[in-house]
Amino acid sequence: MPLEFSLHVPTAEVMVEGRPATMVIDTAASITVLDSAFADGVSVASKSVKVKGAGREANARRLDRIRLSHRGEQGLDVPAIAISLELLSGQMGRRIDGIIGAHFLQRYIVEFDYQRKVASLHESNGFKPPADWRMTTIRLAEGRPMVEGLLIGTGSKTYKGDFLLDTGSNYGVTLLPEFAERHMLPPKGSPMLEDPSLGIAGPSPAVVFPMGGFQLGELRFSRPYVRARQGGRGENGGLIGGALLRQLRFAIDYPGKRLYYTQSAEYGRPFALELAGVRVSWYGVDYSQARVIEVLPGRAGAKAGLQAGDEIVEPRLSANQLAEHLRRPNSTTSLVVKRGGQTLKLELQLKPLLSVEN
């Protein structure tokens, strides 16, 4: 299954009730989701429900089972909900028709190769991991894979918990409120920044701070930036997202409750922090136009004078390109924006914001 990426989040082209659809592959989604506009063209019965995302709640419609398939295969009938994904499409810079969740994925051994941009769906007897791959056990919570992880602070302090493998998250490690509160994270005196968490139900407050490392199975990842959500609840420690997962090649064996993994070519790559503090929404027929929707205080965008509502006209970059453009520490970048009847050129000084002591 060929993949495209919005920063670290994979999308695939599939068929829903015989209609082509672009869908996020989200191992942390307990149910398949359709955009409400796309779902209007699917002839199935529905009823109103409430759903949660990133600690917030929103109105949705629960659909009777829909047929989800790939490459002409017979496919599976899975339950689904319908909710507007306009916010997600704007964030990812492309039209998103839905999200593939656990009811579909848990039938398979799902192998991810971020560098080759491929996901493979193996039947339970159709996958043999290479001899040099490692293995650890997982448990399934509402069909979602959870693995034991170890968050490493400065000195000898460590924090053990169960973490949800979340291919639908751009972040490396996200902590849920109960885990963060129980372990008093962020640590006292740690540098931190506001960094709202975005989900299908909208934004919720969060902070980001540096830690010494994260241990998954036999592999250690050095100096990740960790996000701690400040809204909602959760039974597990947190989420392991794309910024960390792309440093692996891995296969989630849902039937066997195992995770097979090895280092990818990106293993050891430093974790990058978005330095401008700018939230951008993409719009237009081809999602090529960018509008600033939020400017976080104290970061390069605010210091340069960027404002919510500014239209970015230069440089002409894709969503992925702009995200990488604003992650280059110790650099200066120019943005040309339209504000009302004015065209302004603003200089952003992208400086490191947080650090981890040796």
# chains A, B, ... in the order shown; residues from 1 in each chain; ligands from 1

$ residues_around --residues "range 202-211 of chain A" --least-positions-apart "6" --cutoff "6 Å" --atoms "only C-alpha atoms" --output "PyMOL selection string"
chain A and resi 153+192-196+223-230+356

$ residues_around --residues "Thr343 in chain A" --least-positions-apart "2" --cutoff "10 Å" --atoms "only C-alpha atoms" --output "PyMOL selection string"
chain A and resi 310-313+336-341+345-346

$ atom_distance --atom1 "CA of Glu218 in chain A" --atom2 "CA of Gly168 in chain A"
23.5 Å

$ select_by_dssp --residues "range 120-200 of chain A" --states "alpha helix (DSSP H)" --output "list in words"
Pro177, Glu178, Phe179, Ala180, Glu181 and Arg182 of chain A

$ closest_residue --among "A:Ala323, A:Leu216, A:Leu296, A:Leu150" --to "Leu259 in chain A" --atoms "only C-alpha atoms"
A:Leu216

$ select_by_dssp --residues "range 81-301 of chain A" --states "strand (DSSP E)" --output "MDAnalysis selection string"
chainID A and resid 81:83 98:100 109:113 118:122 134:137 139:141 144:152 158:165 173:175 193:194 197:199 202:204 206:210 213:216 219:222 225:229 238:240 248:253 258:263 278:283 289:295

$ closest_residue --among "A:Asn59, A:Ser6, A:Thr174, A:Thr332" --to "Lys117 in chain A" --atoms "only C-alpha atoms"
A:Ser6

$ closest_residue --among "A:Leu164, A:Val110, A:Leu244, A:Val51" --to "Tyr267 in chain A" --atoms "only C-alpha atoms"
A:Leu244

$ residues_around --residues "Asp113 in chain A" --least-positions-apart "2" --cutoff "9 Å" --atoms "only C-alpha atoms" --output "JSON, numbers by chain"
{"A": [111, 115, 116, 117, 118, 119, 120, 246, 248, 249, 250, 251, 264]}

$ closest_residue --among "A:Arg299, A:Lys257, A:Arg182, A:Arg327" --to "Arg107 in chain A" --atoms "only C-alpha atoms"
A:Lys257
